[in-house]
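Listing of upload-v3.cif; format and content: mmCIF, C-alpha atoms.
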data_model
#
loop_
_atom_site.label_atom_id
_atom_site.label_comp_id
_atom_site.auth_asym_id
_atom_site.auth_seq_id
_atom_site.Cartn_x
_atom_site.Cartn_y
_atom_site.Cartn_z
CA MET Y 1 16.69 1.89 -24.52
CA GLU Y 2 16.74 2.53 -20.81
CA PHE Y 3 14.50 5.52 -21.23
CA GLY Y 4 12.09 3.56 -23.37
CA ILE Y 5 11.79 0.84 -20.73
CA PHE Y 6 11.15 3.51 -18.12
CA VAL Y 7 8.40 5.14 -20.20
CA VAL Y 8 6.63 1.85 -20.89
CA PHE Y 9 6.67 0.66 -17.30
CA ALA Y 10 5.83 4.09 -15.91
CA ALA Y 11 2.69 4.03 -18.05
CA LEU Y 12 1.94 0.52 -16.82
CA ALA Y 13 2.47 1.52 -13.19
CA LEU Y 14 0.18 4.53 -13.53
CA ALA Y 15 -2.45 2.45 -15.32
CA GLY Y 16 -2.30 -0.18 -12.59
CA SER Y 17 -2.59 2.32 -9.76
CA LEU Y 18 -5.47 4.10 -11.48
CA THR Y 19 -7.18 0.72 -11.81
CA VAL Y 20 -6.79 0.26 -8.06
CA VAL Y 21 -8.44 3.59 -7.37
CA LEU Y 22 -11.15 3.60 -10.04
CA GLY Y 23 -11.99 -0.09 -10.42
CA HIS Y 24 -15.49 -1.09 -9.36
CA ASN Y 25 -14.70 -4.74 -8.74
CA PRO Y 26 -12.19 -5.44 -5.92
CA VAL Y 27 -10.69 -8.28 -7.97
CA HIS Y 28 -9.83 -5.82 -10.74
CA CYS Y 29 -8.30 -3.55 -8.11
CA ALA Y 30 -6.07 -6.39 -6.89
CA LEU Y 31 -4.95 -7.17 -10.44
CA GLY Y 32 -4.16 -3.50 -11.02
CA LEU Y 33 -2.10 -3.60 -7.83
CA VAL Y 34 -0.11 -6.53 -9.25
CA LEU Y 35 0.57 -4.53 -12.40
CA ALA Y 36 1.80 -1.52 -10.42
CA LEU Y 37 3.97 -3.66 -8.11
CA VAL Y 38 5.65 -5.54 -10.95
CA SER Y 39 6.34 -2.25 -12.74
CA VAL Y 40 7.99 -0.90 -9.60
CA ALA Y 41 10.08 -4.08 -9.47
CA VAL Y 42 11.33 -3.24 -12.97
CA PHE Y 43 12.38 0.21 -11.72
CA PHE Y 44 14.26 -1.49 -8.90
CA LEU Y 45 16.10 -3.57 -11.50
CA GLN Y 46 16.97 -0.44 -13.44
CA GLN Y 47 18.51 1.10 -10.35
CA ASP Y 48 20.86 -1.73 -9.37
CA ALA Y 49 18.58 -3.19 -6.71
CA GLN Y 50 18.33 -6.71 -8.06
CA LEU Y 51 17.66 -8.34 -4.71
CA LEU Y 52 14.87 -5.91 -3.90
CA ALA Y 53 13.27 -6.49 -7.29
CA ALA Y 54 13.13 -10.22 -6.61
CA VAL Y 55 11.81 -9.69 -3.09
CA GLN Y 56 9.21 -7.26 -4.40
CA VAL Y 57 7.84 -9.79 -6.86
CA ILE Y 58 7.93 -12.68 -4.37
CA VAL Y 59 6.58 -10.91 -1.29
CA TYR Y 60 4.21 -8.36 -2.79
CA ALA Y 61 2.93 -9.87 -6.00
CA GLY Y 62 3.33 -13.38 -4.66
CA ALA Y 63 2.15 -13.22 -1.08
CA VAL Y 64 0.38 -9.97 -0.30
CA VAL Y 65 -1.83 -9.77 -3.37
CA VAL Y 66 -2.68 -13.46 -3.12
CA LEU Y 67 -3.73 -12.80 0.46
CA PHE Y 68 -5.90 -9.94 -0.76
CA LEU Y 69 -7.51 -12.11 -3.42
CA PHE Y 70 -7.99 -14.89 -0.90
CA VAL Y 71 -9.86 -12.58 1.46
CA ILE Y 72 -11.93 -11.17 -1.42
CA MET Y 73 -12.96 -14.66 -2.45
CA LEU Y 74 -13.50 -15.79 1.14
CA LEU Y 75 -15.77 -12.91 2.01
CA GLY Y 76 -17.46 -12.63 -1.35
CA VAL Y 77 -17.19 -8.87 -1.56
CA ASP Y 78 -16.70 -8.80 -5.30
CA ARG Y 79 -19.73 -6.62 -5.77
CA GLU Y 80 -19.94 -2.93 -6.35
CA GLU Y 81 -19.80 -0.58 -3.44
CA THR Y 82 -22.37 2.03 -2.72
CA LEU Y 83 -21.76 5.52 -3.97
CA HIS Y 84 -23.39 7.00 -0.91
CA GLU Y 85 -21.29 9.83 0.46
CA PRO Y 86 -21.59 10.16 4.23
CA ILE Y 87 -19.52 13.33 4.44
CA ARG Y 88 -20.50 16.06 2.05
CA TYR Y 89 -17.88 17.30 -0.38
CA GLN Y 90 -15.52 14.49 0.62
CA ARG Y 91 -14.52 13.57 -2.92
CA PRO Y 92 -13.75 17.11 -4.16
CA ALA Y 93 -11.86 17.74 -0.92
CA ALA Y 94 -9.86 14.53 -1.44
CA LEU Y 95 -8.98 15.55 -4.99
CA ALA Y 96 -7.90 19.01 -3.84
CA LEU Y 97 -5.79 17.49 -1.08
CA GLY Y 98 -4.21 15.12 -3.57
CA ALA Y 99 -3.30 18.02 -5.84
CA ILE Y 100 -1.69 19.82 -2.91
CA VAL Y 101 0.29 16.72 -1.90
CA LEU Y 102 1.46 16.22 -5.46
CA ALA Y 103 2.60 19.83 -5.80
CA GLU Y 104 4.42 19.62 -2.50
CA VAL Y 105 6.26 16.40 -3.29
CA LEU Y 106 7.17 17.61 -6.77
CA PHE Y 107 8.53 20.81 -5.25
CA LEU Y 108 10.66 18.75 -2.89
CA ALA Y 109 11.84 16.45 -5.68
CA GLY Y 110 12.95 19.41 -7.77
CA ARG Y 111 15.26 20.80 -5.10
CA THR Y 112 18.91 19.96 -5.45
CA TRP Y 113 19.67 20.13 -1.75
CA ALA Y 114 17.75 16.91 -1.23
CA THR Y 115 20.42 14.95 -3.12
CA GLY Y 116 23.57 16.50 -1.74
CA THR Y 117 24.53 14.47 1.31
CA PRO Y 118 27.55 12.18 1.15
CA SER Y 119 27.35 8.44 1.61
CA ALA Y 120 27.15 7.20 5.17
CA ARG Y 121 26.55 3.45 4.83
CA GLY Y 122 29.09 2.52 2.24
CA PRO Y 123 28.81 2.51 -1.52
CA LEU Y 124 26.23 0.56 -3.47
CA GLU Y 125 28.80 -1.16 -5.65
CA GLU Y 126 31.68 -2.29 -3.53
CA ASP Y 127 34.91 -3.69 -4.88
CA ALA Y 128 34.97 -6.59 -7.25
CA GLY Y 129 33.65 -9.76 -5.69
CA TYR Y 130 30.61 -8.19 -4.06
CA ASN Y 131 27.32 -8.25 -5.82
CA ASN Y 132 24.11 -6.56 -4.78
CA ILE Y 133 22.96 -9.36 -2.47
CA GLU Y 134 26.26 -9.45 -0.59
CA THR Y 135 26.38 -5.69 -0.25
CA VAL Y 136 22.84 -5.46 1.14
CA ALA Y 137 23.38 -8.44 3.43
CA ARG Y 138 26.61 -6.93 4.75
CA THR Y 139 24.92 -3.70 5.79
CA LEU Y 140 21.78 -5.49 7.00
CA PHE Y 141 23.74 -7.65 9.43
CA THR Y 142 26.15 -5.00 10.62
CA ASP Y 143 24.71 -1.49 10.56
CA PHE Y 144 21.05 -2.53 10.77
CA LEU Y 145 21.42 -5.54 13.05
CA TRP Y 146 19.28 -4.15 15.87
CA PRO Y 147 16.35 -3.12 13.63
CA PHE Y 148 16.64 -6.52 12.00
CA GLU Y 149 16.19 -8.26 15.34
CA ILE Y 150 13.21 -6.06 16.20
CA THR Y 151 11.71 -7.04 12.85
CA ALA Y 152 11.62 -10.65 14.04
CA ALA Y 153 9.60 -9.59 17.09
CA LEU Y 154 7.24 -7.59 14.87
CA LEU Y 155 6.61 -10.58 12.64
CA VAL Y 156 5.88 -12.85 15.61
CA ILE Y 157 3.46 -10.30 17.01
CA ALA Y 158 1.74 -9.99 13.62
CA VAL Y 159 1.37 -13.76 13.28
CA VAL Y 160 -0.04 -14.16 16.79
CA GLY Y 161 -2.37 -11.21 16.29
CA GLY Y 162 -3.61 -12.55 12.97
CA VAL Y 163 -4.33 -15.97 14.44
CA VAL Y 164 -6.12 -14.54 17.48
CA LEU Y 165 -8.24 -12.15 15.42
CA ALA Y 166 -9.20 -14.69 12.80
CA ARG Y 167 -10.14 -17.41 15.29
CA ARG Y 168 -13.75 -18.32 14.95
CA SER Y 169 -14.77 -18.62 18.57
CA GLY Y 170 -13.06 -16.33 20.96
CA GLN Y 171 -13.19 -13.15 22.88
CA PRO Y 172 -11.56 -10.84 20.30
CA ALA Y 173 -14.44 -11.28 17.88
CA GLU Y 174 -16.63 -9.61 20.44
CA LEU Y 175 -14.45 -6.53 20.32
CA VAL Y 176 -15.97 -5.79 16.94
CA ASP Y 177 -19.00 -3.66 17.43
CA GLU Y 178 -22.28 -4.91 16.16
CA GLY Y 179 -23.46 -1.39 15.65
CA ILE Y 180 -26.90 -0.25 16.61
CA GLU Y 181 -29.48 -2.41 15.01
CA ALA Y 182 -31.88 -0.55 12.84
CA PRO Y 183 -35.29 -0.58 14.49
CA GLU Y 184 -37.66 -3.08 13.02
CA PRO Y 185 -40.06 -1.53 10.56
CA GLU Y 186 -43.01 -1.18 12.82
CA ASP Y 187 -46.34 -2.23 11.60
CA ALA Y 188 -47.89 -0.44 14.54
CA ALA Y 189 -48.57 2.58 12.37
CA GLY Y 190 -50.27 0.49 9.78
CA GLU Y 191 -52.16 -1.80 12.12
CA PRO Y 192 -54.83 0.56 13.39
CA GLU Y 193 -55.67 1.58 9.83
CA LYS Y 194 -56.09 -2.01 8.82
CA SER Y 195 -58.20 -2.74 11.84
CA ALA Y 196 -60.19 0.40 11.28
CA SER Y 197 -60.96 -0.59 7.72
CA MET E 1 16.91 13.79 -29.94
CA ILE E 2 16.65 10.36 -28.39
CA ALA E 3 20.12 10.66 -26.93
CA ALA E 4 19.08 13.85 -25.18
CA LEU E 5 16.58 11.91 -23.11
CA GLU E 6 18.89 10.94 -20.27
CA LEU E 7 17.22 8.96 -17.51
CA THR E 8 17.90 10.90 -14.34
CA ALA E 9 16.75 10.33 -10.79
CA ASN E 10 14.15 13.07 -11.13
CA TYR E 11 12.04 10.91 -13.43
CA TYR E 12 11.81 8.23 -10.77
CA LEU E 13 11.06 10.77 -8.07
CA VAL E 14 8.25 12.34 -10.09
CA LEU E 15 6.79 8.93 -10.85
CA ALA E 16 6.95 7.99 -7.16
CA ALA E 17 5.20 11.26 -6.30
CA LEU E 18 2.44 10.46 -8.79
CA LEU E 19 1.98 6.95 -7.40
CA PHE E 20 1.89 8.27 -3.85
CA THR E 21 -0.72 10.88 -4.76
CA ILE E 22 -2.91 8.34 -6.53
CA GLY E 23 -2.72 6.14 -3.44
CA THR E 24 -3.62 9.04 -1.16
CA VAL E 25 -6.63 10.09 -3.22
CA GLY E 26 -7.77 6.48 -3.50
CA LEU E 27 -7.53 6.02 0.25
CA LEU E 28 -9.71 9.07 0.76
CA ILE E 29 -12.41 8.48 -1.84
CA ARG E 30 -12.91 4.72 -1.67
CA ARG E 31 -15.23 3.22 0.92
CA ASN E 32 -14.35 -0.45 0.45
CA VAL E 33 -11.95 -1.42 3.22
CA LEU E 34 -10.02 -3.88 1.05
CA VAL E 35 -9.46 -1.31 -1.67
CA MET E 36 -8.36 1.22 0.94
CA PHE E 37 -5.77 -1.33 2.06
CA MET E 38 -4.54 -1.69 -1.51
CA CYS E 39 -4.13 2.08 -1.71
CA VAL E 40 -1.98 1.99 1.42
CA GLU E 41 0.20 -0.64 -0.27
CA LEU E 42 0.50 1.65 -3.27
CA MET E 43 1.70 4.52 -1.08
CA LEU E 44 4.25 2.27 0.64
CA ASN E 45 5.54 1.21 -2.76
CA ALA E 46 5.96 4.79 -3.87
CA ALA E 47 8.03 5.44 -0.76
CA ASN E 48 10.10 2.34 -1.52
CA LEU E 49 10.78 3.58 -5.02
CA THR E 50 11.99 6.88 -3.60
CA PHE E 51 14.29 5.07 -1.19
CA VAL E 52 15.84 2.99 -3.96
CA THR E 53 16.22 6.04 -6.18
CA PHE E 54 18.12 7.92 -3.51
CA ALA E 55 20.21 4.84 -2.74
CA ARG E 56 21.33 4.90 -6.36
CA GLU E 57 21.72 8.66 -6.45
CA LEU E 58 23.79 8.92 -3.27
CA ASP E 59 25.57 5.60 -3.81
CA ASP E 60 24.46 4.55 -0.35
CA VAL E 61 23.29 1.02 0.34
CA GLY E 62 21.38 2.14 3.43
CA GLY E 63 18.40 3.10 1.29
CA GLN E 64 18.04 -0.45 0.02
CA ALA E 65 18.30 -1.84 3.54
CA ILE E 66 15.49 0.44 4.71
CA VAL E 67 13.25 -0.87 1.95
CA PHE E 68 13.56 -4.31 3.51
CA PHE E 69 12.13 -3.05 6.76
CA THR E 70 9.34 -1.28 4.89
CA LEU E 71 8.47 -4.58 3.21
CA VAL E 72 8.35 -6.36 6.55
CA VAL E 73 6.13 -3.71 8.09
CA ALA E 74 3.82 -3.81 5.08
CA ALA E 75 3.52 -7.59 5.30
CA ALA E 76 2.74 -7.47 9.03
CA GLU E 77 0.22 -4.71 8.45
CA VAL E 78 -1.57 -6.71 5.78
CA ALA E 79 -1.68 -9.82 7.97
CA VAL E 80 -3.22 -8.02 10.94
CA GLY E 81 -5.43 -5.74 8.85
CA LEU E 82 -6.96 -8.54 6.83
CA ALA E 83 -7.58 -10.49 10.05
CA ILE E 84 -9.46 -7.48 11.42
CA ILE E 85 -11.49 -7.22 8.20
CA VAL E 86 -12.39 -10.90 8.41
CA ALA E 87 -13.41 -10.46 12.05
CA ILE E 88 -15.62 -7.52 11.13
CA PHE E 89 -17.17 -9.49 8.29
CA ARG E 90 -18.13 -12.30 10.63
CA ARG E 91 -20.29 -9.88 12.55
CA ARG E 92 -21.77 -7.73 9.83
CA ARG E 93 -22.30 -8.17 6.15
CA GLY E 94 -20.60 -5.01 4.96
CA ALA E 95 -17.28 -4.00 3.49
CA THR E 96 -17.51 -0.25 3.74
CA ALA E 97 -15.60 1.84 6.21
CA ASP E 98 -18.74 3.71 7.20
CA ASP E 99 -20.28 0.63 8.79
CA VAL E 100 -17.90 0.77 11.72
CA HIS E 101 -19.02 3.92 13.43
CA LEU E 102 -19.60 2.99 17.04
CA LEU E 103 -17.03 5.53 18.25
CA LYS E 104 -18.59 8.31 16.21
CA GLY E 105 -20.11 10.90 18.47
#

Hey, can you dump this file as C-alpha cells for me?
Amino acid sequence: MEFGIFVVFAALALAGSLTVVLGHNPVHCALGLVLALVSVAVFFLQQDAQLLAAVQVIVYAGAVVVLFLFVIMLLGVDREETLHEPIRYQRPAALALGAIVLAEVLFLAGRTWATGTPSARGPLEEDAGYNNIETVARTLFTDFLWPFEITAALLVIAVVGGVVLARRSGQPAELVDEGIEAPEPEDAAGEPEKSAS
Amino acid sequence: MIAALELTANYYLVLAALLFTIGTVGLLIRRNVLVMFMCVELMLNAANLTFVTFARELDDVGGQAIVFFTLVVAAAEVAVGLAIIVAIFRRRRGATADDVHLLKG
C-alpha cells in the first residue's frame, strides 16, 4: 500500500516536473509545478512530516504558484518562447551536465556512510503527548531560535524590496537597462536608388 | 513479491535526485525567466525532500526545522525575483534571459 502510493505520486511528481521543463506555455509550466509540489507534500506525509506537508500545500501551491500565475497573467507572457540559441551547443552541454549531476547525486545517495550519524536535535517522535507540530515547534523555538529571528528580518527585507522594485514611478526602475536600441532600418541606402530612378 | 517491495529511504533519495536534475537541466535550457524561476523552485523542493527523508532516517527533527527556513528563503526569493521581472517588463517587452545583456562584454 505504502509502496503503491509512492509509485503513483513519484510518477506524478516526475510528470509535473517534466511539464515544467518541456511545456511551451508558461501557464502549463505553472500547473505542472503545482502537480510536482503536491506530490512532494504527499511524500512529506508518508515520512511523518504532517506539518510540513500542510505548509507545503499552503505556501507553495497556495501562494507561490498563484504569484507566478498572477505575474504571467499580468505581463501576458503566455506565448511561446523563441528557440534561438545564443550560445552554441548549450542544450547538449546542459543535458550532459544534468547526467553528470544525476550520477553524482545517485552515487552519494547509495553510500551508507551518509546515513550513519546519530541524532543531535532530539527524536522525531517524542514521548506520548507530543505530535509532529509540537515537536517541530519545540526545536524551532529553542535550538533554531536565532535563525528564526533572522528569518523575520529576511522577510521584511523581501517585502520592502518587492514594493520598491514594483513601484511604478521611482528610481529603481531606471536601474534596469534599456539595452542598446537597434538602429533604425535606414532608408538611406534605398533613397538614392529611388531618386535615381 | 509485493511484500518484498519495502519502501526505504533510498527510493526517496533517488526521486529527489531525479527532481533536482530535471530542475537543473530546465534552468539551463529554458530562456523564459519565469520558467527558469519555476525550475529553481523545483530544485529547492528536491532538497526539501532530501531533508525530510534524512530527518526520518536519522530520527532527527532538525531536518524538518531546516525545511522551514528553506521555505522562507524560497518565498522571499520569489517575491523579490518576480518584482525584478515585472520591473524589467516595464522597460522592455521580452521575457527571455538573453534580453538583459548590458553587462556582457

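Relative to atom CA of Ile88 of chain E, atom CA of Leu74 of chain Y is found at 13.1 Å.
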
Taking (22.0, -11.1, -4.7) in the file's own coordinates, collect the residues within 9 Å, counting all atoms listed in the file, and hand them back as a ChimeraX atom specification. /Y:49-52,131-137

Of the candidates Y:Leu106, Y:Val71, Y:Val27, Y:Leu140, which one gets nearest to Ala87 of chain E if we count all atoms listed in the file? Y:Val71

Given the file shown, determine the residues that the PyMOL selection byres ((chain E and resi 36-45) around 9) selects; report them as a ChimeraX atom specification. /Y:17,20-21,29-30,33,36-37,40,65,68 /E:16,19-35,46-50,70-71,74,78,81-82,97

Selection in question (the file shown): the PyMOL selection byres ((chain Y and resi 14) around 10). Which residues does it include, as a PyMOL selection string? (chain Y and resi 9-13+15-20+32+35-36+39) or (chain E and resi 15-16+18-19+22)

Those residues you just picked out, can you put them in a file as a PDB file, keeping the file's coordinate frame with C-alpha atoms?
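See part-v6.pdb below for the written result:
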ATOM      1  CA  PHE Y   9       6.670   0.660 -17.300  1.00  0.00           C
ATOM      2  CA  ALA Y  10       5.830   4.090 -15.910  1.00  0.00           C
ATOM      3  CA  ALA Y  11       2.690   4.030 -18.050  1.00  0.00           C
ATOM      4  CA  LEU Y  12       1.940   0.520 -16.820  1.00  0.00           C
ATOM      5  CA  ALA Y  13       2.470   1.520 -13.190  1.00  0.00           C
ATOM      6  CA  ALA Y  15      -2.450   2.450 -15.320  1.00  0.00           C
ATOM      7  CA  GLY Y  16      -2.300  -0.180 -12.590  1.00  0.00           C
ATOM      8  CA  SER Y  17      -2.590   2.320  -9.760  1.00  0.00           C
ATOM      9  CA  LEU Y  18      -5.470   4.100 -11.480  1.00  0.00           C
ATOM     10  CA  THR Y  19      -7.180   0.720 -11.810  1.00  0.00           C
ATOM     11  CA  VAL Y  20      -6.790   0.260  -8.060  1.00  0.00           C
ATOM     12  CA  GLY Y  32      -4.160  -3.500 -11.020  1.00  0.00           C
ATOM     13  CA  LEU Y  35       0.570  -4.530 -12.400  1.00  0.00           C
ATOM     14  CA  ALA Y  36       1.800  -1.520 -10.420  1.00  0.00           C
ATOM     15  CA  SER Y  39       6.340  -2.250 -12.740  1.00  0.00           C
TER      16      SER Y  39
ATOM     17  CA  LEU E  15       6.790   8.930 -10.850  1.00  0.00           C
ATOM     18  CA  ALA E  16       6.950   7.990  -7.160  1.00  0.00           C
ATOM     19  CA  LEU E  18       2.440  10.460  -8.790  1.00  0.00           C
ATOM     20  CA  LEU E  19       1.980   6.950  -7.400  1.00  0.00           C
ATOM     21  CA  ILE E  22      -2.910   8.340  -6.530  1.00  0.00           C
TER      22      ILE E  22
END

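For the pair atom CA of Gly76 of chain Y and atom CA of His24 of chain Y, the separation is 14.2 Å.
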
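The spacing separating atom CA of Val61 of chain E from atom CA of Thr139 of chain Y amounts to 7.4 Å.
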
Give as a ChimeraX atom specification the set of residues within 12 Å of the point (9.2, -13.2, -4.0), where distances use the file's coordinates and all atoms listed in the file. /Y:37-38,41,50-66 /E:71

Preceding selection exported with C-alpha atoms as a PDB file, in the coordinates of the input:
ATOM      1  CA  LEU Y  37       3.970  -3.660  -8.110  1.00  0.00           C
ATOM      2  CA  VAL Y  38       5.650  -5.540 -10.950  1.00  0.00           C
ATOM      3  CA  ALA Y  41      10.080  -4.080  -9.470  1.00  0.00           C
ATOM      4  CA  GLN Y  50      18.330  -6.710  -8.060  1.00  0.00           C
ATOM      5  CA  LEU Y  51      17.660  -8.340  -4.710  1.00  0.00           C
ATOM      6  CA  LEU Y  52      14.870  -5.910  -3.900  1.00  0.00           C
ATOM      7  CA  ALA Y  53      13.270  -6.490  -7.290  1.00  0.00           C
ATOM      8  CA  ALA Y  54      13.130 -10.220  -6.610  1.00  0.00           C
ATOM      9  CA  VAL Y  55      11.810  -9.690  -3.090  1.00  0.00           C
ATOM     10  CA  GLN Y  56       9.210  -7.260  -4.400  1.00  0.00           C
ATOM     11  CA  VAL Y  57       7.840  -9.790  -6.860  1.00  0.00           C
ATOM     12  CA  ILE Y  58       7.930 -12.680  -4.370  1.00  0.00           C
ATOM     13  CA  VAL Y  59       6.580 -10.910  -1.290  1.00  0.00           C
ATOM     14  CA  TYR Y  60       4.210  -8.360  -2.790  1.00  0.00           C
ATOM     15  CA  ALA Y  61       2.930  -9.870  -6.000  1.00  0.00           C
ATOM     16  CA  GLY Y  62       3.330 -13.380  -4.660  1.00  0.00           C
ATOM     17  CA  ALA Y  63       2.150 -13.220  -1.080  1.00  0.00           C
ATOM     18  CA  VAL Y  64       0.380  -9.970  -0.300  1.00  0.00           C
ATOM     19  CA  VAL Y  65      -1.830  -9.770  -3.370  1.00  0.00           C
ATOM     20  CA  VAL Y  66      -2.680 -13.460  -3.120  1.00  0.00           C
TER      21      VAL Y  66
ATOM     22  CA  LEU E  71       8.470  -4.580   3.210  1.00  0.00           C
TER      23      LEU E  71
END

Neighbouring residues of Glu2 of chain Y were defined as those with any atom within 9 Å, considering only C-alpha atoms; residues of the same chain fewer than 5 positions away were excluded. Please report them as a VMD selection string. (chain Y and resid 7 46) or (chain E and resid 6 to 7)
